[in-house]
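One file, coords06.txt, carrying compact mmCIF, C-alpha atoms:
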```txt
# COMPACT_ATOMS: atom_id res chain seq x y z
CA MET A 47 145.06 210.85 83.72
CA ARG A 48 142.60 211.54 86.51
CA TYR A 49 138.95 212.10 85.69
CA ARG A 50 135.96 213.18 87.66
CA ALA A 51 132.70 211.72 86.45
CA GLU A 52 129.41 213.08 87.68
CA VAL A 53 126.64 210.53 87.30
CA PHE A 54 123.02 211.67 87.49
CA VAL A 55 120.59 208.83 88.06
CA THR A 56 116.91 209.61 87.63
CA LEU A 57 113.72 207.59 87.47
CA LYS A 58 112.49 207.10 83.92
CA PRO A 59 109.77 209.60 82.99
CA VAL A 60 107.14 206.84 82.97
CA VAL A 61 108.01 205.76 86.51
CA ASN A 62 106.00 207.36 89.28
CA ASP A 63 108.22 209.31 91.71
CA PRO A 64 106.49 209.63 95.09
CA GLU A 65 109.55 211.35 96.58
CA GLY A 66 109.44 214.05 93.90
CA LEU A 67 105.68 214.42 94.38
CA THR A 68 106.15 214.86 98.12
CA ILE A 69 108.86 217.48 97.61
CA ARG A 70 106.61 219.29 95.15
CA GLY A 71 103.84 219.27 97.76
CA GLY A 72 106.24 220.81 100.29
CA LEU A 73 107.31 223.50 97.84
CA HIS A 74 103.69 224.28 97.02
CA ALA A 75 103.00 224.61 100.73
CA LEU A 76 105.81 227.16 100.92
CA GLY A 77 104.14 229.21 98.23
CA PHE A 78 106.17 228.18 95.18
CA ASP A 79 103.05 228.00 93.06
CA SER A 80 104.79 227.96 89.71
CA ILE A 81 106.24 224.50 90.20
CA ILE A 82 104.88 221.96 87.74
CA GLU A 83 106.96 218.97 88.64
CA VAL A 84 109.86 217.83 90.85
CA ARG A 85 111.79 214.67 90.06
CA ALA A 86 114.17 213.29 92.67
CA GLY A 87 117.30 211.38 91.76
CA LYS A 88 120.81 210.46 92.79
CA TYR A 89 124.01 212.34 92.21
CA LEU A 90 127.24 210.33 92.29
CA VAL A 91 130.79 211.55 91.81
CA VAL A 92 133.28 208.96 90.62
CA THR A 93 136.96 209.84 90.50
CA LEU A 94 139.05 207.49 88.42
CA ASP A 95 142.39 207.11 86.66
CA GLU A 96 142.22 206.13 82.99
CA VAL A 97 144.47 206.58 79.98
CA ASP A 98 142.17 208.94 78.07
CA THR A 99 138.71 210.47 77.98
CA GLY A 100 137.27 207.76 75.74
CA GLN A 101 138.41 205.02 78.04
CA ALA A 102 137.19 206.89 81.13
CA ARG A 103 133.75 207.43 79.60
CA ALA A 104 133.49 203.80 78.55
CA ARG A 105 134.34 202.65 82.06
CA VAL A 106 131.82 204.92 83.74
CA GLU A 107 129.14 203.89 81.22
CA GLU A 108 129.87 200.29 82.16
CA MET A 109 129.59 201.11 85.87
CA ALA A 110 126.28 202.86 85.30
CA ARG A 111 124.92 199.92 83.32
CA GLN A 112 126.07 197.27 85.76
CA LEU A 113 125.40 198.89 89.09
CA LEU A 114 124.81 202.62 89.43
CA ALA A 115 121.46 202.62 87.62
CA ASN A 116 118.77 199.98 87.31
CA ALA A 117 117.72 199.98 83.66
CA VAL A 118 114.26 198.72 84.58
CA ILE A 119 113.35 201.98 86.29
CA GLU A 120 116.18 204.47 85.89
CA ASP A 121 118.03 206.57 83.31
CA TYR A 122 121.50 208.01 83.79
CA ARG A 123 123.56 210.85 82.43
CA ILE A 124 127.31 211.18 82.74
CA GLU A 125 129.38 214.33 82.77
CA LEU A 126 133.07 213.68 82.56
CA LYS A 127 135.85 216.14 83.18
CA PRO A 128 139.58 215.78 83.51
CA GLU A 129 140.51 216.45 87.10
CA SER A 130 144.22 217.01 86.59
CA PRO A 131 146.33 218.87 85.85
CA SER A 132 143.79 221.71 85.74
CA PRO A 133 142.04 222.26 89.05
CA ASP A 134 138.35 222.53 88.23
CA ALA A 135 137.14 221.91 91.74
CA GLY A 136 135.07 225.06 91.77
CA ASP A 137 132.91 224.32 88.78
CA ARG A 138 129.30 223.36 88.99
CA ARG A 139 127.10 221.35 86.75
CA GLY A 140 124.95 223.43 84.52
CA GLN A 141 127.66 226.04 84.22
CA SER A 142 130.56 226.05 81.90
CA PRO A 143 133.72 225.53 83.83
CA SER A 144 136.26 228.26 83.45
CA PRO A 145 138.13 227.63 80.24
CA VAL A 146 140.86 225.10 80.66
CA VAL A 147 142.76 226.56 77.77
CA GLY A 148 145.15 229.15 79.03
CA GLU A 149 144.74 228.14 82.65
CA PRO A 150 148.05 228.53 84.37
CA LYS A 151 149.32 225.11 85.25
CA SER A 152 150.20 226.06 88.74
CA SER A 153 150.59 222.91 90.73
CA GLY A 154 150.69 224.88 93.94
CA SER A 155 146.98 225.70 93.86
CA ARG A 156 145.61 222.46 92.58
CA ASP A 157 144.45 221.09 95.90
CA PHE A 158 142.28 224.06 96.68
CA PRO A 159 138.93 225.00 95.30
CA ARG A 160 139.17 228.04 93.12
CA GLY A 161 135.47 228.89 93.02
CA GLN A 162 134.91 232.59 93.44
CA GLY A 163 132.85 233.19 96.51
CA ARG A 164 130.82 230.00 96.13
CA GLY A 165 131.71 228.70 99.51
CA GLY A 166 134.36 226.34 98.25
CA GLY A 167 134.08 223.36 95.98
CA LEU A 168 133.13 219.79 96.67
CA PRO A 169 135.87 217.76 98.24
CA ALA A 170 138.19 216.59 95.51
CA MET B 277 113.57 170.05 102.85
CA LYS B 278 117.20 171.01 103.26
CA THR B 279 116.93 174.76 103.57
CA GLY B 280 119.60 177.45 103.34
CA ILE B 281 118.90 180.92 104.70
CA VAL B 282 121.22 183.52 103.20
CA VAL B 283 122.60 186.14 105.56
CA PHE B 284 123.99 189.37 104.12
CA PRO B 285 125.29 192.21 106.27
CA GLY B 286 122.06 193.94 107.25
CA THR B 287 119.72 190.97 106.82
CA TRP B 288 117.24 190.96 109.69
CA SER B 289 114.65 188.25 109.06
CA ASP B 290 117.03 185.30 108.89
CA ARG B 291 116.22 184.04 112.37
CA ASP B 292 112.49 184.30 111.85
CA CYS B 293 112.88 182.20 108.69
CA ALA B 294 115.06 179.66 110.49
CA HIS B 295 112.51 179.44 113.31
CA ALA B 296 109.64 178.86 110.89
CA VAL B 297 111.48 176.21 108.89
CA SER B 298 113.24 174.29 111.65
CA GLU B 299 111.13 174.83 114.78
CA VAL B 300 107.63 175.09 113.35
CA LEU B 301 107.97 172.81 110.32
CA GLY B 302 110.72 170.55 111.69
CA GLN B 303 112.82 170.77 108.53
CA PRO B 304 116.64 170.93 108.49
CA ALA B 305 117.93 174.46 107.99
CA ARG B 306 121.27 176.24 108.04
CA TYR B 307 122.45 179.77 107.57
CA VAL B 308 124.35 180.56 104.38
CA ASP B 309 127.02 183.23 104.63
CA HIS B 310 127.02 185.81 101.83
CA ARG B 311 130.60 184.77 100.96
CA GLU B 312 129.76 181.11 100.35
CA ASP B 313 129.98 179.87 96.80
CA SER B 314 128.34 176.45 96.95
CA LEU B 315 124.73 175.54 97.71
CA ASP B 316 125.02 171.93 96.56
CA ASP B 317 123.71 170.53 99.85
CA LEU B 318 120.44 172.48 99.66
CA GLU B 319 116.96 172.04 98.19
CA LEU B 320 115.51 175.40 99.13
CA VAL B 321 117.30 178.74 99.40
CA ILE B 322 115.60 181.64 101.18
CA LEU B 323 116.73 185.23 100.75
CA PRO B 324 115.19 186.81 103.84
CA GLY B 325 114.09 190.37 104.49
CA GLY B 326 116.17 193.17 105.91
CA PHE B 327 118.35 195.98 104.71
CA SER B 328 121.28 194.25 103.04
CA TYR B 329 124.26 196.58 102.77
CA GLY B 330 122.18 199.34 104.30
CA ASP B 331 119.97 199.53 101.20
CA TYR B 332 122.73 201.74 99.78
CA LEU B 333 122.29 202.86 96.17
CA ARG B 334 119.11 200.78 95.73
CA CYS B 335 117.57 198.01 97.80
CA GLY B 336 119.38 194.81 96.86
CA ALA B 337 121.77 196.47 94.40
CA ILE B 338 124.94 195.65 96.34
CA ALA B 339 123.79 192.25 97.64
CA ARG B 340 123.30 191.17 94.07
CA PHE B 341 127.09 191.15 93.66
CA ALA B 342 127.85 189.18 96.82
CA PRO B 343 129.70 185.94 96.02
CA VAL B 344 126.76 183.81 97.14
CA MET B 345 124.53 185.30 94.45
CA GLU B 346 126.43 183.57 91.70
CA ALA B 347 125.71 180.31 93.46
CA VAL B 348 122.06 181.29 93.96
CA THR B 349 121.73 182.03 90.24
CA ALA B 350 123.27 178.67 89.31
CA PHE B 351 121.05 176.95 91.89
CA ALA B 352 117.94 178.62 90.45
CA ASN B 353 118.95 177.83 86.88
CA ARG B 354 119.19 174.14 87.65
CA GLY B 355 115.71 174.16 89.16
CA GLY B 356 116.46 174.66 92.85
CA LEU B 357 113.71 176.35 94.84
CA VAL B 358 114.42 179.99 95.71
CA LEU B 359 112.16 182.20 97.83
CA GLY B 360 112.94 185.92 98.15
CA ILE B 361 111.04 187.68 100.91
CA CYS B 362 110.90 191.49 101.05
CA ASN B 363 114.55 192.57 100.65
CA GLY B 364 115.14 189.10 99.20
CA PHE B 365 112.56 189.88 96.50
CA GLN B 366 114.39 193.13 95.73
CA ILE B 367 117.68 191.23 95.46
CA LEU B 368 116.19 188.65 93.07
CA GLN B 369 115.02 191.46 90.81
CA GLU B 370 118.38 193.20 90.91
CA ALA B 371 119.96 189.85 90.01
CA ARG B 372 117.47 189.57 87.11
CA LEU B 373 116.16 186.27 88.42
CA LEU B 374 112.74 187.92 88.55
CA PRO B 375 111.35 190.69 86.34
CA GLY B 376 110.39 194.23 87.33
CA ALA B 377 111.52 196.42 90.20
CA LEU B 378 110.26 197.61 93.58
CA LEU B 379 109.93 201.34 94.01
CA ARG B 380 109.41 203.46 97.06
CA ASN B 381 105.92 203.05 98.48
CA ALA B 382 103.50 205.48 96.87
CA SER B 383 102.68 206.86 100.32
CA CYS B 384 106.41 207.44 101.02
CA GLU B 385 105.69 205.67 104.32
CA PHE B 386 107.16 202.50 105.75
CA ARG B 387 104.17 200.18 106.01
CA CYS B 388 104.13 197.55 108.75
CA GLU B 389 100.72 195.91 108.91
CA TRP B 390 98.65 192.83 108.16
CA VAL B 391 97.46 192.45 104.60
CA ASN B 392 95.21 190.04 102.76
CA LEU B 393 96.68 188.25 99.79
CA ARG B 394 94.79 186.51 97.03
CA VAL B 395 96.60 183.49 95.62
CA GLU B 396 96.51 183.89 91.85
CA GLN B 397 97.93 180.55 90.78
CA SER B 398 98.86 177.23 92.31
CA GLU B 399 101.56 176.26 89.83
CA SER B 400 104.58 177.84 91.52
CA ALA B 401 106.66 175.84 93.97
CA PHE B 402 105.43 178.10 96.78
CA THR B 403 101.68 177.95 96.08
CA LEU B 404 101.32 174.29 95.14
CA ASP B 405 99.25 173.63 98.27
CA CYS B 406 96.93 176.58 97.66
CA ARG B 407 93.99 176.93 95.35
CA PRO B 408 93.64 179.94 93.07
CA GLY B 409 91.51 182.55 94.81
CA GLN B 410 92.50 181.38 98.28
CA LEU B 411 93.11 184.22 100.74
CA LEU B 412 96.15 184.41 103.00
CA ARG B 413 96.61 186.82 105.89
CA ILE B 414 100.29 187.72 106.15
CA PRO B 415 102.07 190.88 107.39
CA ILE B 416 104.13 193.31 105.34
CA SER B 417 106.97 195.46 106.63
CA HIS B 418 108.65 197.61 104.01
CA GLY B 419 109.26 201.08 102.61
CA GLU B 420 109.98 200.03 99.04
CA GLY B 421 107.55 197.41 97.86
CA ASN B 422 105.80 199.28 95.08
CA PHE B 423 105.92 196.76 92.23
CA PHE B 424 106.76 198.21 88.85
CA ALA B 425 107.33 196.71 85.42
CA ASP B 426 107.07 198.24 81.97
CA PRO B 427 103.76 197.51 80.17
CA GLN B 428 105.27 194.80 77.99
CA THR B 429 106.82 192.94 80.91
CA LEU B 430 103.59 193.31 82.86
CA GLU B 431 101.60 191.72 80.05
CA THR B 432 104.14 188.91 79.78
CA ILE B 433 104.03 187.99 83.44
CA GLU B 434 100.24 188.27 83.56
CA GLY B 435 99.95 186.17 80.40
CA ASN B 436 102.31 183.51 81.73
CA GLY B 437 100.50 183.33 85.05
CA GLN B 438 103.60 184.54 86.89
CA VAL B 439 101.65 186.78 89.25
CA VAL B 440 101.45 184.69 92.40
CA PHE B 441 99.89 187.00 95.01
CA ARG B 442 97.84 190.21 94.90
CA TYR B 443 96.89 192.51 97.75
CA CYS B 444 93.14 192.29 98.24
CA ALA B 445 90.26 193.27 100.51
CA PRO B 446 89.13 190.77 103.19
CA ASP B 447 86.49 189.53 100.74
CA GLY B 448 89.08 188.84 98.05
CA ARG B 449 88.35 191.80 95.81
CA VAL B 450 91.46 193.46 94.38
CA THR B 451 90.87 197.14 95.21
CA ASN B 452 92.92 200.31 95.42
CA ASP B 453 92.15 200.56 99.13
CA ALA B 454 93.71 197.15 99.70
CA ASN B 455 96.94 198.18 97.96
CA PRO B 456 99.40 199.20 100.69
CA ASN B 457 102.20 200.53 98.51
CA GLY B 458 101.00 201.49 95.03
CA SER B 459 102.06 198.25 93.33
CA LEU B 460 100.90 197.93 89.74
CA ARG B 461 97.80 195.73 89.64
CA ASN B 462 98.17 195.10 93.39
CA ILE B 463 101.02 192.67 92.72
CA ALA B 464 102.52 191.36 95.97
CA GLY B 465 104.48 188.39 94.65
CA ILE B 466 105.63 186.92 91.35
CA ALA B 467 107.33 183.78 90.06
CA ASN B 468 109.78 183.19 87.24
CA ALA B 469 108.45 181.41 84.17
CA ARG B 470 109.58 178.05 85.48
CA GLY B 471 107.87 178.56 88.85
CA ASN B 472 110.85 177.57 91.01
CA VAL B 473 111.79 181.14 91.97
CA VAL B 474 109.28 183.32 93.82
CA GLY B 475 109.63 186.79 95.27
CA MET B 476 107.08 188.31 97.63
CA MET B 477 106.94 191.45 99.75
CA PRO B 478 104.82 190.00 102.60
CA HIS B 479 106.56 187.93 105.28
CA PRO B 480 105.18 184.36 105.41
CA GLU B 481 107.73 183.45 108.12
CA ARG B 482 105.96 185.87 110.46
CA ALA B 483 102.62 184.14 110.00
CA CYS B 484 103.42 180.55 110.92
CA GLU B 485 102.05 180.31 114.48
CA ALA B 486 98.59 181.05 115.89
CA LEU B 487 100.29 183.03 118.65
CA LEU B 488 101.49 185.50 116.02
CA GLY B 489 97.99 186.00 114.63
CA SER B 490 98.03 183.77 111.55
CA VAL B 491 99.30 180.45 110.29
CA ASP B 492 98.70 181.25 106.64
CA GLY B 493 102.42 181.65 105.92
CA LEU B 494 102.81 177.91 106.43
CA GLU B 495 101.08 177.35 103.10
CA VAL B 496 104.07 178.89 101.35
CA PHE B 497 106.64 176.65 103.07
CA ARG B 498 104.49 173.51 102.92
CA SER B 499 104.02 174.05 99.22
CA ALA B 500 107.80 174.01 98.82
CA ILE B 501 108.02 170.73 100.71
CA HIS B 502 105.44 169.20 98.41
CA ALA B 503 107.10 170.64 95.32
CA LEU B 504 110.32 168.87 96.32
CA ARG B 505 108.48 165.60 96.93
CA ARG B 506 106.83 165.88 93.55
CA VAL B 507 110.19 166.30 91.85
CA ALA B 508 111.60 163.35 93.76
CA VAL B 509 108.78 160.97 92.78
```
Any chance you could give the structure as structure tokens?
Amino acid sequence: MRYRAEVFVTLKPVVNDPEGLTIRGGLHALGFDSIIEVRAGKYLVVTLDEVDTGQARARVEEMARQLLANAVIEDYRIELKPESPSPDAGDRRGQSPSPVVGEPKSSGSRDFPRGQGRGGGLPA
Amino acid sequence: MKTGIVVFPGTWSDRDCAHAVSEVLGQPARYVDHREDSLDDLELVILPGGFSYGDYLRCGAIARFAPVMEAVTAFANRGGLVLGICNGFQILQEARLLPGALLRNASCEFRCEWVNLRVEQSESAFTLDCRPGQLLRIPISHGEGNFFADPQTLETIEGNGQVVFRYCAPDGRVTNDANPNGSLRNIAGIANARGNVVGMMPHPERACEALLGSVDGLEVFRSAIHALRRVAV
């Protein structure tokens, strides 16, 4: 089974984030006065083959602990989705992907992003 | 002082270190490839500055898994002297041989300039020749040297006397103005509890000849020579 794990690595809240502060300054300069805070981080997409969701999550957790995040300064969050057979290339974090249940299992379209007018998905 | 200078892809200060050790101090030195797995012939291992593996992910995060790092860890654990300079300091922290982490400079700028360091203790293998309170003038050259540790760790390393160098004003006062990168408590270098592993952001190898503007970096290397003699006696 193929999975797509999105890993969000962010500085711990207690860690000062000069990059985020600088971005906030730039946004303020553009007139976005309502901004309280900006925190910068890293976004990693890991595609992997594992037997099931539990195993896939455990592996990605292990990767995050060992390498992707530094526990001294960073937190991480993992979002895991099966990548096949349903083509969910068009989905975006923060939005519910289109329901997998009832999705036609058409293998012919699986290599193409199916996002509606979003300018295509991320490369699979 | 049989010295090994570790070279990762992207290391850039290896030759400066080799020059300081072999040409200026007249000590035997060799380069250590990042794929080597034995350091048995060495007494001092230097992890020099640079941008190992392009600083991808985090500074030092990938280098930490290079084959040679297992050997460096074993070498450190049996009391061998290890000095991490700049990127080498970042690698030692990633490898958990030293506590804390180095964040992006508070200014978000790469800082390349001379700084004044106050020696905080003369127990570590790399400050044995110094006296506490002594000032050293040594250059920095980094974008991510902002020392961070959680409050508990900070208290531990302060309590154990593991803070080796602090950024200070020319008169030795530890001030905000003298802090080039936002490091907590102006920390520029720390040691492990045993004192045989030291990491520092400033580059002592670039301050070993009067022609370069300072010879204060020699104190760091000479201390190591004396530390080895002391062990041998």
_Non-local contacts of region 97-102 of chain A (8 Å; only C-alpha atoms; under 3 positions in same chain excluded) as a VMD selection string_ = chain A and resid 47 49 94 105 to 106 126 128
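Between CA of Pro408 (chain B) and CA of Val118 (chain A) the separation is 29.2 Å.
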*asked:* With only C-alpha atoms as the counted atoms, please give the residues lying no more than 6 Å from region 412-428 of chain B, apart from itself and same-chain residues fewer than 2 positions off, as a VMD selection string.
replied: chain B and resid 376 to 381 386 to 393 430 to 431 457 to 460 478 to 480 483 492
_Distance limit 9 Å, atoms considered: all atoms listed in the file. Which chain A residues sit that close to chain B? Return them as a ChimeraX atom specification._
/A:60-65,68,88,113-116,118-119
_Point-to-point distance in Å for CA of Leu320 (chain B) and CA of Thr429 (chain B)_ = 26.7 Å
*Selection near Asp290 (chain B), 7 Å with all atoms listed in the file, sequence-local residues under 5 positions removed, as a list in words*: Ile281, Val283 and Pro324 of chain B
Atoms to include: C-alpha atoms. Write the selected residues as a PDB file, in the coordinates of the input.
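Contents of part.pdb, as written:
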```pdb
ATOM      1  CA  ILE B 281     118.900 180.920 104.700  1.00  0.00           C
ATOM      2  CA  VAL B 283     122.600 186.140 105.560  1.00  0.00           C
ATOM      3  CA  PRO B 324     115.190 186.810 103.840  1.00  0.00           C
TER       4      PRO B 324
END
```
*Using only C-alpha atoms, which residues sit within 10 Å of Arg482 (chain B) once same-chain residues fewer than 5 positions away are excluded, as a ChimeraX atom specification?*
/B:289,292-293,295-296,414-416,488-494
_Between CA of Thr279 (chain B) and CA of Arg354 (chain B), what is the distance in Å, rounded to a tenth?_
16.1 Å
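Closest to Glu396 (chain B) among B:Ala371, B:Gly465, B:Ile361, B:Tyr332 is B:Gly465, based on only C-alpha atoms.
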